[in-house]
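data_8.tsv, holding TSV, C-alpha atoms and all ligand atoms:
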```
chain	number	residue	atom	x	y	z
J	1	MET	CA	-31.02	-4.25	32.93
J	2	ARG	CA	-30.82	-6.10	29.62
J	3	ASP	CA	-30.30	-3.72	26.69
J	4	TYR	CA	-28.94	-5.81	23.82
J	5	ILE	CA	-30.73	-5.62	20.47
J	6	LEU	CA	-29.68	-6.70	16.99
J	7	ARG	CA	-28.42	-3.65	15.13
J	8	SER	CA	-28.32	-2.36	11.55
J	9	ALA	CA	-25.46	-2.89	9.10
J	10	ARG	CA	-24.36	0.71	9.53
J	11	TYR	CA	-24.30	0.41	13.31
J	12	ILE	CA	-22.25	-2.81	13.16
J	13	ALA	CA	-19.72	-1.22	10.80
J	14	ALA	CA	-19.30	1.84	13.02
J	15	ASP	CA	-19.16	-0.24	16.19
J	16	CYS	CA	-16.41	-2.40	14.74
J	17	LEU	CA	-14.28	0.66	13.91
J	18	ARG	CA	-15.03	2.22	17.31
J	19	ARG	CA	-13.61	-0.85	19.02
J	20	PHE	CA	-10.71	-1.31	16.62
J	21	LEU	CA	-9.17	2.11	15.91
J	22	LEU	CA	-6.70	3.67	18.33
J	23	PRO	CA	-5.40	7.22	18.71
J	24	GLY	CA	-2.58	7.83	16.22
J	25	ASP	CA	-3.96	5.42	13.60
J	26	THR	CA	-4.49	6.21	9.92
J	27	ALA	CA	-7.93	5.66	8.41
J	28	VAL	CA	-9.63	6.21	5.07
J	29	ASP	CA	-13.17	7.34	4.39
J	30	ALA	CA	-13.64	6.13	0.82
J	31	THR	CA	-17.04	7.81	0.43
J	32	MET	CA	-16.99	11.19	2.18
J	33	GLY	CA	-20.57	12.33	1.44
J	34	ASN	CA	-21.66	14.88	4.04
J	35	GLY	CA	-18.66	14.11	6.23
J	36	HIS	CA	-20.28	12.29	9.13
J	37	ASP	CA	-18.08	9.24	8.71
J	38	THR	CA	-14.97	11.38	8.16
J	39	LEU	CA	-15.71	13.20	11.41
J	40	PHE	CA	-16.33	9.89	13.20
J	41	LEU	CA	-12.95	8.55	11.99
J	42	CYS	CA	-11.15	11.80	12.92
J	43	GLU	CA	-12.54	11.55	16.43
J	44	LEU	CA	-11.34	7.95	16.76
J	45	VAL	CA	-7.78	8.48	15.51
J	46	GLY	CA	-7.37	11.77	17.39
J	47	GLU	CA	-4.99	14.62	16.72
J	48	LYS	CA	-1.97	12.33	16.28
J	49	GLY	CA	-3.82	10.29	13.66
J	50	ARG	CA	-4.74	11.02	10.05
J	51	VAL	CA	-7.86	10.51	7.96
J	52	TYR	CA	-7.83	10.50	4.15
J	53	ALA	CA	-11.23	11.02	2.58
J	54	PHE	CA	-12.49	10.74	-1.00
J	55	ASP	CA	-15.52	11.87	-2.95
J	56	ILE	CA	-16.09	12.87	-6.56
J	57	GLN	CA	-18.56	15.67	-5.73
J	58	ARG	CA	-17.58	19.24	-4.90
J	59	GLN	CA	-20.61	19.47	-2.62
J	60	ALA	CA	-19.32	16.56	-0.52
J	61	ILE	CA	-15.93	18.22	0.00
J	62	GLU	CA	-17.57	21.51	1.00
J	63	ASN	CA	-20.01	19.86	3.41
J	64	THR	CA	-17.26	17.77	4.98
J	65	LYS	CA	-14.89	20.73	5.30
J	66	ALA	CA	-17.59	22.73	7.08
J	67	LEU	CA	-18.44	19.86	9.44
J	68	LEU	CA	-14.80	19.21	10.36
J	69	ALA	CA	-14.13	22.93	10.86
J	70	GLU	CA	-17.18	23.21	13.11
J	71	ASN	CA	-15.71	20.41	15.24
J	72	GLY	CA	-12.13	21.72	15.19
J	73	LEU	CA	-10.83	18.67	13.29
J	74	LEU	CA	-10.10	20.05	9.82
J	75	GLU	CA	-6.33	19.77	10.34
J	76	ASN	CA	-6.59	16.03	10.98
J	77	ALA	CA	-8.01	15.14	7.58
J	78	THR	CA	-6.86	15.25	3.97
J	79	LEU	CA	-9.83	15.60	1.63
J	80	TYR	CA	-9.53	14.53	-2.00
J	81	GLN	CA	-12.03	15.46	-4.65
J	82	CYS	CA	-11.37	12.39	-6.71
J	83	GLY	CA	-12.64	8.85	-7.07
J	84	HIS	CA	-11.72	6.29	-4.44
J	85	GLU	CA	-10.46	4.11	-7.29
J	86	ARG	CA	-7.36	6.36	-7.15
J	87	MET	CA	-6.74	5.65	-3.47
J	88	ALA	CA	-3.51	3.75	-4.08
J	89	GLU	CA	-2.08	6.73	-5.99
J	90	MET	CA	-2.79	9.11	-3.11
J	91	ILE	CA	-1.93	6.95	-0.10
J	92	ARG	CA	1.48	5.31	0.07
J	93	THR	CA	1.57	3.97	3.61
J	94	PRO	CA	-0.41	1.13	5.23
J	95	VAL	CA	-3.63	2.14	6.95
J	96	GLN	CA	-5.45	0.63	9.91
J	97	ALA	CA	-8.97	1.05	8.51
J	98	VAL	CA	-10.95	1.85	5.39
J	99	MET	CA	-14.66	2.67	5.45
J	100	PHE	CA	-17.02	2.53	2.46
J	101	ASN	CA	-20.60	3.72	2.73
J	102	LEU	CA	-21.78	3.11	-0.81
J	103	GLY	CA	-24.63	4.79	-2.65
J	104	TRP	CA	-25.45	8.45	-3.22
J	105	LEU	CA	-24.95	11.67	-1.28
J	106	PRO	CA	-27.83	12.00	1.21
J	107	GLY	CA	-29.88	15.00	0.07
J	108	GLY	CA	-27.94	15.12	-3.22
J	109	ASP	CA	-28.33	13.88	-6.80
J	110	LYS	CA	-29.31	10.20	-6.68
J	111	ARG	CA	-27.86	9.66	-10.15
J	112	VAL	CA	-24.36	10.25	-8.75
J	113	THR	CA	-24.03	6.94	-6.99
J	114	THR	CA	-21.10	4.60	-6.49
J	115	LYS	CA	-20.73	2.11	-9.35
J	116	TRP	CA	-19.45	-1.43	-9.29
J	117	GLU	CA	-16.55	-0.92	-11.74
J	118	THR	CA	-14.93	1.79	-9.62
J	119	THR	CA	-16.05	0.27	-6.32
J	120	GLU	CA	-14.29	-2.98	-7.21
J	121	THR	CA	-11.03	-1.19	-8.05
J	122	ALA	CA	-11.22	0.81	-4.82
J	123	VAL	CA	-12.02	-2.18	-2.61
J	124	ARG	CA	-9.10	-4.16	-4.07
J	125	GLN	CA	-6.77	-1.20	-3.42
J	126	ALA	CA	-8.15	-0.78	0.10
J	127	LEU	CA	-7.47	-4.44	0.92
J	128	ASP	CA	-3.89	-4.04	-0.32
J	129	LEU	CA	-3.40	-0.87	1.71
J	130	LEU	CA	-4.50	-2.43	5.00
J	131	ALA	CA	-1.82	-2.95	7.61
J	132	PRO	CA	-1.75	-6.41	9.26
J	133	GLU	CA	-4.94	-6.69	11.40
J	134	GLY	CA	-6.32	-3.71	9.49
J	135	ILE	CA	-10.07	-3.59	8.88
J	136	CYS	CA	-12.18	-2.58	5.90
J	137	VAL	CA	-15.91	-2.05	6.41
J	138	ILE	CA	-18.31	-1.74	3.48
J	139	CYS	CA	-21.99	-0.81	3.82
J	140	VAL	CA	-24.05	-1.56	0.76
J	141	TYR	CA	-27.64	-0.59	-0.09
J	142	PRO	CA	-29.23	-3.15	-2.41
J	143	GLY	CA	-32.56	-1.29	-2.64
J	144	HIS	CA	-31.50	0.28	-5.96
J	145	GLU	CA	-30.05	-1.31	-9.09
J	146	ALA	CA	-26.43	-0.17	-8.75
J	147	GLY	CA	-26.45	-1.04	-5.05
J	148	ASN	CA	-27.81	-4.50	-5.71
J	149	LEU	CA	-25.09	-5.16	-8.27
J	150	GLU	CA	-22.48	-3.98	-5.74
J	151	ARG	CA	-23.91	-6.35	-3.14
J	152	ILE	CA	-23.88	-9.35	-5.51
J	153	ARG	CA	-20.38	-8.73	-6.85
J	154	LEU	CA	-18.90	-7.87	-3.46
J	155	LYS	CA	-20.21	-11.10	-2.06
J	156	GLU	CA	-18.58	-12.98	-4.95
J	157	ILE	CA	-15.14	-11.40	-4.78
J	158	LEU	CA	-14.96	-11.29	-0.98
J	159	SER	CA	-15.99	-14.95	-0.73
J	160	GLY	CA	-13.00	-15.75	-2.93
J	161	LEU	CA	-10.37	-14.07	-0.73
J	162	ARG	CA	-7.80	-16.48	0.64
J	163	PRO	CA	-8.45	-17.20	4.32
J	164	GLN	CA	-4.68	-17.15	4.84
J	165	GLU	CA	-4.82	-13.44	4.00
J	166	TYR	CA	-8.22	-12.11	5.07
J	167	ASN	CA	-11.17	-12.94	7.30
J	168	VAL	CA	-14.48	-11.82	5.85
J	169	LEU	CA	-17.74	-11.27	7.70
J	170	HIS	CA	-21.11	-10.57	6.03
J	171	HIS	CA	-23.83	-8.99	8.14
J	172	CYS	CA	-27.43	-8.94	6.92
J	173	PHE	CA	-30.90	-9.42	8.34
J	174	LEU	CA	-32.14	-12.53	6.53
J	175	ASN	CA	-35.80	-11.72	7.08
J	176	ALA	CA	-35.74	-7.98	6.33
J	177	GLY	CA	-36.23	-8.26	2.57
J	178	GLU	CA	-33.85	-7.90	-0.35
J	179	SER	CA	-33.46	-4.13	-0.04
J	180	ALA	CA	-32.22	-3.98	3.57
J	181	PRO	CA	-28.69	-2.57	3.99
J	182	GLU	CA	-25.89	-5.08	4.47
J	183	CYS	CA	-22.32	-4.80	5.54
J	184	PHE	CA	-19.09	-6.63	4.89
J	185	ILE	CA	-16.20	-6.51	7.34
J	186	ILE	CA	-12.81	-7.69	6.20
J	187	GLN	CA	-9.75	-8.04	8.41
J	188	LYS	CA	-6.26	-8.64	7.08
J	189	GLN	CA	-4.55	-11.58	8.71
J	190	ILE	CA	-1.68	-10.82	11.06
J	191	CYS	CA	0.79	-13.16	9.45
J	192	LYS	CA	0.34	-14.19	5.87
J	193	GLY	CA	0.30	-17.90	5.23
J	194	LYS	CA	-1.05	-18.90	8.62
J	195	ILE	CA	-4.78	-19.42	9.16
J	196	LEU	CA	-5.56	-18.01	12.58
J	197	ASP	CA	-8.15	-19.60	14.76
J	198	LYS	CA	-10.91	-17.16	14.01
J	199	TYR	CA	-13.54	-19.32	15.67
J	200	ALA	CA	-11.75	-19.46	19.02
J	201	GLU	CA	-13.94	-16.91	20.83
H	1	LIG	C1	-23.84	7.23	0.97
H	1	LIG	S1	-22.79	8.56	0.52
H	1	LIG	C2	-21.59	8.58	1.79
H	1	LIG	C3	-22.10	9.11	3.11
H	1	LIG	C4	-21.00	9.67	3.95
H	1	LIG	N1	-20.02	8.68	4.35
H	1	LIG	C5	-21.48	10.47	5.14
H	1	LIG	O1	-21.03	10.22	6.28
H	1	LIG	O2	-22.27	11.39	4.93
H	1	LIG	C6	-21.87	7.94	-0.87
H	1	LIG	C7	-20.93	8.96	-1.48
H	1	LIG	O3	-20.09	8.29	-2.41
H	1	LIG	C8	-19.71	9.24	-3.37
H	1	LIG	N2	-19.11	8.59	-4.54
H	1	LIG	C9	-19.69	8.12	-5.68
H	1	LIG	N3	-18.75	7.60	-6.50
H	1	LIG	C10	-17.55	7.76	-5.87
H	1	LIG	C11	-16.20	7.44	-6.21
H	1	LIG	N4	-15.89	6.83	-7.36
H	1	LIG	N5	-15.21	7.76	-5.34
H	1	LIG	C12	-15.51	8.37	-4.15
H	1	LIG	N6	-16.77	8.69	-3.78
H	1	LIG	C13	-17.77	8.40	-4.63
H	1	LIG	C14	-21.00	9.97	-3.66
H	1	LIG	O4	-20.71	11.22	-4.25
H	1	LIG	C15	-21.60	10.08	-2.24
H	1	LIG	O5	-21.30	11.30	-1.67
```
Spell out the structure here as structure tokens.
Ligand SMILES: C[S@@+](CC[C@H](N)C(=O)[O-])C[C@H]1O[C@@H](n2cnc3c(N)ncnc32)[C@H](O)[C@@H]1O
Amino acid sequence: MRDYILRSARYIAADCLRRFLLPGDTAVDATMGNGHDTLFLCELVGEKGRVYAFDIQRQAIENTKALLAENGLLENATLYQCGHERMAEMIRTPVQAVMFNLGWLPGGDKRVTTKWETTETAVRQALDLLAPEGICVICVYPGHEAGNLERIRLKEILSGLRPQEYNVLHHCFLNAGESAPECFIIQKQICKGKILDKYAE
């Protein structure tokens, strides 16, 4: 039976990480929120892996801690109550994946949303931290002002990345209106300086 349908930005981002990450890998959840993505990453990297997660809100750390504990995965994660723009200070080894789900804490204060200035710093650090073949996924929600600015600026800076260093994919539904969520998927090239045949398959 045929069961293929076009999926949302969030689904595509998660599906990419589901296919890419292996047990024992290291991953970063740059926007912890209620911990669903942190839990998802912990499940993918398993008990031999490690997940570093960031959020500026106390509530996010507490919610994530509770969710991981409930699922017996608290030991596999390191939770930082600090901005993701400090990622490079906290993580010193290459990572296989970084996940950003921008915006505000679901059910929380909508004024505490990610902002372009810090998002840009964090995304640049994330791209540096990626191991060869490592993947960074970024979901952006342009239905509000800060999210729209993030979408516009991300598109600009990611379009300018050297193809010798990164491949960049932009997923959006062209006919869903300006406020529909979008995602960017960036993969670090395996060997710097050589453009791989990304169109081969
Ligand atoms: C859409 S939510 C993330 C949802 C989350 N991944 C989940 O699974 O529930 C975005 C989160 O980014 C957080 N945030 C805002 N600015 C941040 C920053 N500079 N560094 C890290 N997190 C930040 C917000 O507090 C909010 O919890």
(Q) With distances taken over all atoms listed in the file, which residue among J:Gly134, J:Gly107, J:Gly83, J:Gly72 lies nearest J:Asp25? (A) J:Gly134
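Comparing J:Ala30, J:Leu169, J:Ala122, J:Cys139 by their smallest distance to J:Pro181, the closest is J:Cys139 (using all atoms listed in the file).
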Q) In Å to one decimal, how far is atom CA of J:Ala27 from atom CA of J:Leu105? A) 20.5 Å
Axis-aligned box over every listed atom of ligand LIG 1 (chain H), padded by 8 Å per side: centre and edges in Å to one decimal, as AutoDock Vina command-line options?
```
--center_x -19.5 --center_y 9.1 --center_z -0.5 --size_x 24.6 --size_y 20.6 --size_z 29.6
```
Per residue of chain J within 6 Å of ligand LIG 1 (chain H), record the nearest atom pair and its distance in Å to one decimal, counting only C-alpha atoms and all ligand atoms, with rows in chain order and ascending residue number, as a tab-separated table.
```
residue	atom	partner	partner_atom	distance
J:Ala30	CA	H:LIG1	C12	5.8
J:Thr31	CA	H:LIG1	O3	4.2
J:Met32	CA	H:LIG1	N1	4.5
J:Gly33	CA	H:LIG1	O5	3.4
J:Asn34	CA	H:LIG1	O2	3.7
J:Gly35	CA	H:LIG1	O1	4.6
J:His36	CA	H:LIG1	O1	3.6
J:Asp37	CA	H:LIG1	O1	3.9
J:Phe54	CA	H:LIG1	C12	5.0
J:Asp55	CA	H:LIG1	N6	3.5
J:Ile56	CA	H:LIG1	N6	5.1
J:Gln57	CA	H:LIG1	O4	5.2
J:Ala60	CA	H:LIG1	O5	5.7
J:Gly83	CA	H:LIG1	N5	3.3
J:His84	CA	H:LIG1	N5	3.9
J:Asn101	CA	H:LIG1	C2	5.0
J:Leu102	CA	H:LIG1	C6	4.8
J:Gly103	CA	H:LIG1	C1	4.4
J:Trp104	CA	H:LIG1	C15	4.3
J:Leu105	CA	H:LIG1	O5	3.7
J:Val112	CA	H:LIG1	O4	5.9
J:Thr113	CA	H:LIG1	C9	4.7
J:Thr114	CA	H:LIG1	N3	3.8
J:Thr118	CA	H:LIG1	N4	5.6
```
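Among the candidates J:Arg7, J:Arg50, J:Arg124, J:Arg151, the residue lying nearest to J:Glu178 is J:Arg151 (atoms considered: all atoms listed in the file).
Nearest-residue note for J:Ile61: choosing from J:Leu158, J:Asn76, J:Cys82, J:Leu44, the minimum distance belongs to J:Cys82, counting only C-alpha atoms.
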Q: List the neighbours of J:Lys155 out to 9 Å using all atoms listed in the file; skip same-chain residues closer than 4 positions along the sequence, and give me the result as a VMD selection string.
A: chain J and resid 150 to 151 159 to 160 170 184
Q) What does the distance between atom CA of J:Phe100 and atom CA of J:Leu67 come to in Å, to one decimal place? A) 18.7 Å
(Q) Just the number, please: distance in Å from atom CA of J:Val95 to atom CA of J:Leu130, one decimal. (A) 5.0 Å
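Of the listed residues J:Arg10, J:Arg153, J:His144, J:Arg92, the one whose atoms come nearest to J:Thr119 is J:Arg153, with distances taken using all atoms listed in the file.
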